[in-house]
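Student: Contents of final-v6.pdb (PDB, C-alpha atoms) are given next:
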```pdb
MODEL        1
ATOM      1  CA  MET A   1       0.000   0.000   0.000
ATOM      2  CA  ASN A   2       1.467   3.355  -1.033
ATOM      3  CA  GLU A   3       1.247   6.718   0.730
ATOM      4  CA  ARG A   4      -1.516   7.987  -1.573
ATOM      5  CA  GLN A   5      -3.710   4.983  -0.785
ATOM      6  CA  LEU A   6      -3.134   5.473   2.958
ATOM      7  CA  THR A   7      -4.152   9.127   2.624
ATOM      8  CA  MET A   8      -7.312   8.111   0.759
ATOM      9  CA  MET A   9      -8.250   5.787   3.615
ATOM     10  CA  ARG A  10      -7.969   8.664   6.059
ATOM     11  CA  MET A  11      -9.970  11.010   3.816
ATOM     12  CA  LEU A  12     -12.908   8.763   3.003
ATOM     13  CA  ASP A  13     -15.672   9.322   5.519
ATOM     14  CA  PRO A  14     -19.096   7.708   5.996
ATOM     15  CA  GLY A  15     -20.656  11.179   6.080
ATOM     16  CA  ARG A  16     -19.876  12.106   2.465
ATOM     17  CA  SER A  17     -18.949  10.632  -0.878
ATOM     18  CA  PHE A  18     -16.155  11.412  -3.352
ATOM     19  CA  THR A  19     -16.113  11.013  -7.100
ATOM     20  CA  ALA A  20     -13.075   9.502  -8.772
ATOM     21  CA  ARG A  21     -12.489  12.831 -10.542
ATOM     22  CA  GLU A  22     -12.465  14.771  -7.238
ATOM     23  CA  LEU A  23      -9.909  12.363  -5.825
ATOM     24  CA  ALA A  24      -7.852  12.552  -9.023
ATOM     25  CA  GLU A  25      -7.721  16.347  -8.787
ATOM     26  CA  ARG A  26      -6.869  16.141  -5.083
ATOM     27  CA  PHE A  27      -3.865  13.896  -5.703
ATOM     28  CA  ASP A  28      -2.968  15.257  -9.157
ATOM     29  CA  VAL A  29      -3.216  11.856 -10.843
ATOM     30  CA  SER A  30      -5.452  10.365 -13.509
ATOM     31  CA  VAL A  31      -8.949   9.057 -12.870
ATOM     32  CA  ARG A  32      -7.738   5.608 -13.911
ATOM     33  CA  THR A  33      -4.999   5.738 -11.252
ATOM     34  CA  VAL A  34      -7.573   6.644  -8.601
ATOM     35  CA  GLN A  35      -9.789   3.767  -9.688
ATOM     36  CA  ARG A  36      -6.855   1.364  -9.389
ATOM     37  CA  ASP A  37      -6.125   2.729  -5.905
ATOM     38  CA  LEU A  38      -9.747   2.235  -4.842
ATOM     39  CA  ASP A  39      -9.770  -1.280  -6.284
ATOM     40  CA  LYS A  40      -6.659  -2.011  -4.211
ATOM     41  CA  LEU A  41      -8.338  -0.753  -1.033
ATOM     42  CA  GLN A  42     -11.339  -2.971  -1.694
ATOM     43  CA  GLU A  43      -9.053  -5.975  -2.223
ATOM     44  CA  LEU A  44      -7.536  -5.299   1.208
ATOM     45  CA  GLY A  45     -10.994  -5.475   2.788
ATOM     46  CA  TYR A  46     -11.693  -1.754   3.136
ATOM     47  CA  PRO A  47     -15.552  -1.446   3.181
ATOM     48  CA  LEU A  48     -15.813   0.828   0.159
ATOM     49  CA  TYR A  49     -18.714   0.929  -2.251
ATOM     50  CA  SER A  50     -19.752   3.066  -5.202
ATOM     51  CA  GLU A  51     -23.041   4.889  -5.679
ATOM     52  CA  PRO A  52     -24.119   5.228  -9.329
ATOM     53  CA  GLY A  53     -25.840   8.248 -10.806
ATOM     54  CA  ARG A  54     -25.188  11.930 -11.285
ATOM     55  CA  TYR A  55     -24.681  12.576  -7.560
ATOM     56  CA  GLY A  56     -23.037   9.250  -6.816
ATOM     57  CA  GLY A  57     -19.467   8.553  -5.882
ATOM     58  CA  TYR A  58     -17.402   6.434  -3.555
ATOM     59  CA  ARG A  59     -18.459   6.046   0.050
ATOM     60  CA  VAL A  60     -17.246   3.973   2.991
ATOM     61  CA  LEU A  61     -19.531   1.935   5.234
ATOM     62  CA  PRO A  62     -20.125   3.462   8.713
ATOM     63  CA  ASN A  63     -18.271   0.689  10.598
ATOM     64  CA  ARG A  64     -15.153   1.095   8.537
ATOM     65  CA  ILE A  65     -11.743  -0.370   9.197
ATOM     66  CA  MET A  66      -9.212   2.229  10.262
ATOM     67  CA  PRO A  67      -5.970   2.592   8.301
ATOM     68  CA  PRO A  68      -2.981   0.657   9.668
ATOM     69  CA  LEU A  69      -0.757   2.512  12.107
ATOM     70  CA  GLN A  70       2.986   2.625  11.728
ATOM     71  CA  PHE A  71       5.091   2.364  14.913
ATOM     72  CA  ASN A  72       8.684   1.859  15.847
ATOM     73  CA  GLU A  73       9.384  -1.073  18.183
ATOM     74  CA  ASN A  74       9.192   0.933  21.436
ATOM     75  CA  GLU A  75       5.876   2.483  20.382
ATOM     76  CA  ALA A  76       4.513  -0.956  19.463
ATOM     77  CA  LEU A  77       5.537  -2.300  22.880
ATOM     78  CA  GLY A  78       4.023   0.707  24.641
ATOM     79  CA  LEU A  79       0.708   0.337  22.812
ATOM     80  CA  TYR A  80       0.619  -3.359  23.663
ATOM     81  CA  LEU A  81       1.121  -2.573  27.369
ATOM     82  CA  ILE A  82      -1.623   0.066  27.259
ATOM     83  CA  MET A  83      -4.006  -2.405  25.660
ATOM     84  CA  ASN A  84      -2.990  -5.006  28.218
ATOM     85  CA  THR A  85      -4.122  -2.720  31.040
ATOM     86  CA  PHE A  86      -7.560  -2.623  29.404
ATOM     87  CA  GLN A  87      -7.737  -6.381  29.868
ATOM     88  CA  GLN A  88      -8.019  -5.762  33.613
ATOM     89  CA  ILE A  89     -11.094  -3.545  33.244
ATOM     90  CA  PRO A  90     -14.187  -5.759  33.078
ATOM     91  CA  ASP A  91     -16.930  -5.113  30.529
ATOM     92  CA  LEU A  92     -15.018  -2.425  28.661
ATOM     93  CA  PRO A  93     -17.266  -0.671  26.097
ATOM     94  CA  PHE A  94     -16.652  -1.955  22.573
ATOM     95  CA  GLY A  95     -14.763  -4.861  24.105
ATOM     96  CA  GLN A  96     -13.878  -6.243  20.660
ATOM     97  CA  ILE A  97     -10.597  -4.393  21.152
ATOM     98  CA  ARG A  98      -9.412  -7.433  23.081
ATOM     99  CA  SER A  99      -9.914  -9.832  20.193
ATOM    100  CA  PHE A 100      -8.494  -7.218  17.823
ATOM    101  CA  LEU A 101      -5.325  -7.130  19.895
ATOM    102  CA  ALA A 102      -4.908 -10.892  19.744
ATOM    103  CA  GLU A 103      -6.010 -11.501  16.171
ATOM    104  CA  ASN A 104      -4.836  -8.429  14.270
ATOM    105  CA  TYR A 105      -2.428  -6.145  16.055
ATOM    106  CA  PHE A 106      -0.139  -8.767  17.600
ATOM    107  CA  THR A 107      -0.062 -11.072  14.571
ATOM    108  CA  GLU A 108       0.871  -8.212  12.211
ATOM    109  CA  LEU A 109       3.965  -7.269  14.195
ATOM    110  CA  PRO A 110       7.412  -8.459  13.083
ATOM    111  CA  ALA A 111       8.509 -11.773  14.600
ATOM    112  CA  SER A 112      11.287 -10.111  16.634
ATOM    113  CA  THR A 113       8.799  -7.632  18.164
ATOM    114  CA  ARG A 114       6.339 -10.424  18.968
ATOM    115  CA  GLU A 115       9.102 -12.327  20.734
ATOM    116  CA  LYS A 116      10.068  -9.234  22.742
ATOM    117  CA  ILE A 117       6.424  -8.751  23.767
ATOM    118  CA  ARG A 118       6.296 -12.372  24.966
ATOM    119  CA  ARG A 119       9.326 -11.662  27.184
ATOM    120  CA  VAL A 120       7.775  -8.405  28.449
ATOM    121  CA  GLU A 121       4.581 -10.277  29.396
ATOM    122  CA  LYS A 122       6.611 -12.357  31.843
ATOM    123  CA  LYS A 123       8.044  -9.242  33.512
ATOM    124  CA  VAL A 124       5.064  -6.855  33.694
ATOM    125  CA  VAL A 125       1.685  -7.684  35.250
ATOM    126  CA  PHE A 126      -1.276  -5.327  35.698
ATOM    127  CA  LYS A 127      -3.680  -6.064  38.528
ATOM    128  CA  ALA A 128      -6.784  -4.020  39.248
ATOM    129  CA  SER A 129      -9.413  -4.442  41.936
ATOM    130  CA  SER A 130     -12.952  -4.526  40.625
ATOM    131  CA  VAL A 131     -16.350  -5.937  41.460
ATOM    132  CA  ASN A 132     -17.226  -9.391  40.201
ATOM    133  CA  ARG A 133     -20.771  -8.573  39.093
ATOM    134  CA  GLU A 134     -21.281  -8.313  35.360
ATOM    135  CA  SER A 135     -21.695  -4.842  33.830
ATOM    136  CA  LYS A 136     -22.704  -5.906  30.350
ATOM    137  CA  TRP A 137     -24.550  -2.705  29.404
ATOM    138  CA  THR A 138     -21.510  -0.429  29.019
ATOM    139  CA  THR A 139     -21.563  -0.367  25.211
ATOM    140  CA  VAL A 140     -25.317   0.331  25.066
ATOM    141  CA  ILE A 141     -24.913   3.137  27.620
ATOM    142  CA  LEU A 142     -21.995   4.752  25.837
ATOM    143  CA  GLU A 143     -23.775   4.669  22.475
ATOM    144  CA  ALA A 144     -26.884   6.234  24.076
ATOM    145  CA  ALA A 145     -24.719   8.954  25.632
ATOM    146  CA  LEU A 146     -23.050   9.682  22.288
ATOM    147  CA  GLU A 147     -26.437   9.980  20.574
ATOM    148  CA  GLN A 148     -28.029  11.780  23.581
ATOM    149  CA  ARG A 149     -30.769   9.175  23.528
ATOM    150  CA  GLU A 150     -33.159   8.022  26.212
ATOM    151  CA  LEU A 151     -32.273   4.753  27.943
ATOM    152  CA  LYS A 152     -34.998   2.615  29.478
ATOM    153  CA  LEU A 153     -33.674   0.701  32.490
ATOM    154  CA  THR A 154     -34.728  -2.017  34.835
ATOM    155  CA  TYR A 155     -32.632  -1.129  37.873
ATOM    156  CA  GLU A 156     -31.926  -2.788  41.220
ATOM    157  CA  SER A 157     -31.404  -0.364  44.109
ATOM    158  CA  ALA A 158     -31.604  -0.590  47.901
ATOM    159  CA  LYS A 159     -35.333   0.114  47.567
ATOM    160  CA  GLY A 160     -35.907  -2.793  45.190
ATOM    161  CA  ILE A 161     -36.280  -3.243  41.437
ATOM    162  CA  SER A 162     -37.772  -0.394  39.421
ATOM    163  CA  LYS A 163     -38.099   0.805  35.816
ATOM    164  CA  ARG A 164     -36.699   4.193  34.874
ATOM    165  CA  SER A 165     -36.159   6.259  31.747
ATOM    166  CA  VAL A 166     -32.912   8.233  31.895
ATOM    167  CA  PHE A 167     -30.538  10.151  29.633
ATOM    168  CA  PRO A 168     -26.933   8.964  30.181
ATOM    169  CA  ILE A 169     -24.191  11.576  30.354
ATOM    170  CA  GLY A 170     -21.377   9.058  30.084
ATOM    171  CA  LEU A 171     -19.469   6.333  31.932
ATOM    172  CA  TYR A 172     -16.580   6.262  34.349
ATOM    173  CA  PHE A 173     -14.765   3.392  36.019
ATOM    174  CA  ASP A 174     -13.719   3.400  39.680
ATOM    175  CA  GLN A 175     -13.498  -0.273  40.704
ATOM    176  CA  SER A 176     -17.023  -0.490  39.235
ATOM    177  CA  TRP A 177     -18.681   1.159  36.227
ATOM    178  CA  TYR A 178     -20.834   4.197  37.052
ATOM    179  CA  MET A 179     -23.336   6.023  34.836
ATOM    180  CA  PRO A 180     -24.319   9.625  35.642
ATOM    181  CA  ALA A 181     -27.701  10.168  33.997
ATOM    182  CA  PHE A 182     -30.393  12.832  33.845
ATOM    183  CA  TYR A 183     -33.514  11.628  35.654
ATOM    184  CA  ARG A 184     -36.510  13.701  36.744
ATOM    185  CA  GLU A 185     -34.857  17.110  36.392
ATOM    186  CA  LYS A 186     -31.576  16.172  38.065
ATOM    187  CA  VAL A 187     -28.501  14.033  37.515
ATOM    188  CA  LEU A 188     -28.274  10.798  39.499
ATOM    189  CA  LEU A 189     -25.459   8.267  39.671
ATOM    190  CA  PHE A 190     -26.242   4.659  38.742
ATOM    191  CA  ARG A 191     -24.112   1.543  39.264
ATOM    192  CA  VAL A 192     -23.964  -0.255  35.930
ATOM    193  CA  ASP A 193     -23.699  -3.693  37.547
ATOM    194  CA  ARG A 194     -27.115  -3.070  39.109
ATOM    195  CA  ILE A 195     -28.785  -2.609  35.728
ATOM    196  CA  ILE A 196     -30.889  -5.666  34.921
ATOM    197  CA  SER A 197     -31.881  -4.570  31.412
ATOM    198  CA  ALA A 198     -31.344  -1.528  29.181
ATOM    199  CA  GLU A 199     -32.677  -0.474  25.804
ATOM    200  CA  TRP A 200     -32.859   2.723  23.795
ATOM    201  CA  GLY A 201     -35.997   4.822  23.954
ATOM    202  CA  GLU A 202     -37.409   7.171  21.328
ATOM    203  CA  ASN A 203     -36.625  10.522  23.000
ATOM    204  CA  GLN A 204     -33.498  12.651  22.749
ATOM    205  CA  LYS A 205     -32.146  15.426  24.953
ATOM    206  CA  ASP A 206     -29.586  17.767  23.420
ATOM    207  CA  ASP A 207     -28.816  19.998  26.409
ATOM    208  CA  LEU A 208     -27.011  17.463  28.592
ATOM    209  CA  PRO A 209     -23.660  18.417  30.156
ATOM    210  CA  THR A 210     -20.570  16.508  29.111
ATOM    211  CA  LEU A 211     -19.177  13.972  31.553
ATOM    212  CA  VAL A 212     -16.103  16.160  32.105
ATOM    213  CA  ASP A 213     -18.302  19.149  32.954
ATOM    214  CA  TRP A 214     -20.470  17.083  35.289
ATOM    215  CA  LEU A 215     -17.453  15.720  37.176
ATOM    216  CA  THR A 216     -16.195  19.261  37.773
ATOM    217  CA  PHE A 217     -19.527  20.830  38.728
ATOM    218  CA  PRO A 218     -19.476  22.320  42.247
ATOM    219  CA  GLU A 219     -21.495  20.336  44.790
ATOM    220  CA  THR A 220     -24.997  21.763  45.181
ATOM    221  CA  ARG A 221     -26.417  19.348  47.755
ATOM    222  CA  GLU A 222     -26.620  20.300  51.431
ATOM    223  CA  GLU A 223     -23.331  19.461  53.122
ATOM    224  CA  VAL A 224     -22.039  19.039  56.644
ATOM    225  CA  LYS A 225     -18.503  19.420  57.956
ATOM    226  CA  VAL A 226     -16.824  16.144  58.921
ATOM    227  CA  VAL A 227     -13.726  15.895  61.144
ATOM    228  CA  LEU A 228     -11.860  12.606  61.548
ATOM    229  CA  SER A 229      -8.809  11.654  63.599
ATOM    230  CA  PHE A 230      -6.698   8.663  62.574
ATOM    231  CA  THR A 231      -4.088   6.505  64.262
ATOM    232  CA  ASP A 232      -0.709   6.166  62.540
ATOM    233  CA  GLU A 233      -1.907   2.986  60.867
ATOM    234  CA  GLY A 234      -5.193   4.670  59.959
ATOM    235  CA  GLU A 235      -3.371   7.578  58.344
ATOM    236  CA  ARG A 236      -1.212   5.180  56.315
ATOM    237  CA  ARG A 237      -4.322   3.464  54.987
ATOM    238  CA  ALA A 238      -6.159   6.767  54.444
ATOM    239  CA  LYS A 239      -3.389   8.074  52.182
ATOM    240  CA  ALA A 240      -4.238   5.245  49.772
ATOM    241  CA  ASP A 241      -7.973   5.960  50.019
ATOM    242  CA  PRO A 242      -9.391   8.373  47.395
ATOM    243  CA  PHE A 243     -11.831   9.739  49.994
ATOM    244  CA  TYR A 244      -9.280  10.663  52.674
ATOM    245  CA  GLN A 245      -5.929  10.707  50.886
ATOM    246  CA  ASP A 246      -5.298  14.355  51.837
ATOM    247  CA  VAL A 247      -5.167  13.438  55.553
ATOM    248  CA  LYS A 248      -2.458  15.378  57.384
ATOM    249  CA  ASP A 249      -1.044  14.941  60.872
ATOM    250  CA  ARG A 250      -3.547  12.123  61.451
ATOM    251  CA  ARG A 251      -6.457  14.510  60.897
ATOM    252  CA  TRP A 252      -8.950  14.917  58.064
ATOM    253  CA  GLU A 253     -11.510  17.681  57.584
ATOM    254  CA  GLY A 254     -13.930  18.017  54.734
ATOM    255  CA  SER A 255     -17.518  18.504  53.642
ATOM    256  CA  VAL A 256     -19.825  15.571  52.937
ATOM    257  CA  PRO A 257     -23.355  15.793  51.460
ATOM    258  CA  VAL A 258     -25.914  14.999  54.139
ATOM    259  CA  GLU A 259     -27.414  12.226  52.005
ATOM    260  CA  GLU A 260     -23.976  10.560  51.816
ATOM    261  CA  LEU A 261     -23.455  10.309  55.588
ATOM    262  CA  ASN A 262     -24.827   6.774  55.783
ATOM    263  CA  PHE A 263     -22.443   5.654  53.040
ATOM    264  CA  THR A 264     -19.588   7.448  54.849
ATOM    265  CA  ALA A 265     -20.385   5.614  58.086
ATOM    266  CA  GLY A 266     -20.238   2.269  56.300
ATOM    267  CA  HIS A 267     -16.929   3.186  54.734
ATOM    268  CA  LEU A 268     -15.386   4.344  58.026
ATOM    269  CA  ILE A 269     -16.138   1.176  60.001
ATOM    270  CA  CYS A 270     -13.728  -0.618  57.653
ATOM    271  CA  TYR A 271     -10.990   1.275  59.494
ATOM    272  CA  GLY A 272     -12.006  -0.291  62.810
ATOM    273  CA  GLY A 273     -10.228   1.352  65.734
ATOM    274  CA  ASN A 274      -7.892   3.286  63.432
ATOM    275  CA  VAL A 275     -10.306   6.193  62.978
ATOM    276  CA  LYS A 276     -12.513   8.272  65.243
ATOM    277  CA  VAL A 277     -15.279  10.610  64.111
ATOM    278  CA  GLU A 278     -14.956  13.947  65.901
ATOM    279  CA  LYS A 279     -17.962  15.583  64.232
ATOM    280  CA  PRO A 280     -20.815  15.796  63.277
ATOM    281  CA  GLN A 281     -22.883  13.996  65.890
ATOM    282  CA  GLU A 282     -25.155  12.525  63.204
ATOM    283  CA  LEU A 283     -22.208  10.670  61.659
ATOM    284  CA  ILE A 284     -21.010   9.527  65.111
ATOM    285  CA  ASP A 285     -24.449   8.054  65.757
ATOM    286  CA  LEU A 286     -24.510   6.319  62.373
ATOM    287  CA  VAL A 287     -21.101   4.714  62.976
ATOM    288  CA  LYS A 288     -22.194   3.550  66.455
ATOM    289  CA  ARG A 289     -25.349   2.042  64.971
ATOM    290  CA  ARG A 290     -23.370   0.207  62.319
ATOM    291  CA  LEU A 291     -20.966  -1.180  64.894
ATOM    292  CA  GLN A 292     -23.795  -2.227  67.200
ATOM    293  CA  ASP A 293     -25.547  -4.006  64.323
ATOM    294  CA  ALA A 294     -22.349  -5.925  63.689
ATOM    295  CA  LEU A 295     -21.991  -6.866  67.372
ATOM    296  CA  ASN A 296     -25.609  -8.028  67.520
ATOM    297  CA  GLN A 297     -24.763 -10.861  65.169
ATOM    298  CA  TYR A 298     -22.478 -12.502  67.773
TER     299      TYR A 298
ENDMDL
END
```
Would it be possible to restate this file's structure as structure tokens?

Tutor:
Amino acid sequence: MNERQLTMMRMLDPGRSFTARELAERFDVSVRTVQRDLDKLQELGYPLYSEPGRYGGYRVLPNRIMPPLQFNENEALGLYLIMNTFQQIPDLPFGQIRSFLAENYFTELPASTREKIRRVEKKVVFKASSVNRESKWTTVILEAALEQRELKLTYESAKGISKRSVFPIGLYFDQSWYMPAFYREKVLLFRVDRIISAEWGENQKDDLPTLVDWLTFPETREEVKVVLSFTDEGERRAKADPFYQDVKDRRWEGSVPVEELNFTAGHLICYGGNVKVEKPQELIDLVKRRLQDALNQY
């Protein structure tokens, strides 16, 4: 494949068509040369088809194959390691990337690079903690978010199983997959592994925030100041905890939404005697209740 053919692959887009003459003028070659180039791309499996008629031309199918990438050996190794980290994330959207890695990317590399990758695999291991419950709806959710489409869910929460119609903003992964979605005039956070079923609805909503914007929005819920004191061991553990990693001199202060206090109490009892809640009293009472419930089982 020559450089002109590679450039054609990058140019051709499902959203528009090109005539052979337009491409010939673009590359300053004959129409016959362009036709030979396009025939070559089709032979290589590029999903190209022609549309007859006055306004016809060449068009590529929407799910086209991307042009091959050209890397040096270090870049090829780096990309392989990046893809390998994705293997540790369960239910990755468009998970075909895993089979692509095995069947296409790896097998197309030179033999010496493949052998080096095999040696690297024995020296580098990625381990990630994640929940074991299946989150099989990630691709459906992401496609709905991209199209700003309604998603009809059957969802399992602490209150039981319910049906909801939401508009997903996006997805993020933090040991589990989470879906912020617009529901009844506000954005709620849903655990993807608690979704029992999901399908697209008919409605669209074009004024949704982006996921990046939503993650950086200032907190608008009512909050309460929380003060915690840790032991030395508690502080060591807290520094690895995304909630309390900014602990300093065995002390942590911050604001927590009132509706999250129960969750906070459950999280804190995992520290056992290595943390003490100084304030507020409501959180102290919640922690005591949690501990008493645990003791009542013995």

Student: Could you spell out the hits of the PyMOL selection byres ((chain A and resi 190-203) around 6) on the shown file, as a PyMOL selection string?

Tutor: chain A and resi 133-135+150-156+177-179+189+204

Student: Using all atoms listed in the file, which residues sit within 10 Å of Val224 in chain A once same-chain residues fewer than 6 positions away are excluded, as a ChimeraX atom specification?

Tutor: /A:254-261,279-280,282-283

Student: Rounded to one decimal, what separation in Å do you get between CA of Arg118 in chain A and CA of Gly78 in chain A?

Tutor: 13.3 Å

Student: Using Å and a single decimal, report how far CA of Asp91 in chain A sits from CA of Val166 in chain A.

Tutor: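 Separation between CA of Val166 in chain A and CA of Asp91 in chain A: 20.9 Å.
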
Student: Around the point (-3.9, 6.2, 64.7) in the file's coordinates, collect all residues with an atom within 12 Å, using only C-alpha atoms, and return them as a PyMOL selection string.

Tutor: chain A and resi 228-238+247-251+271-276
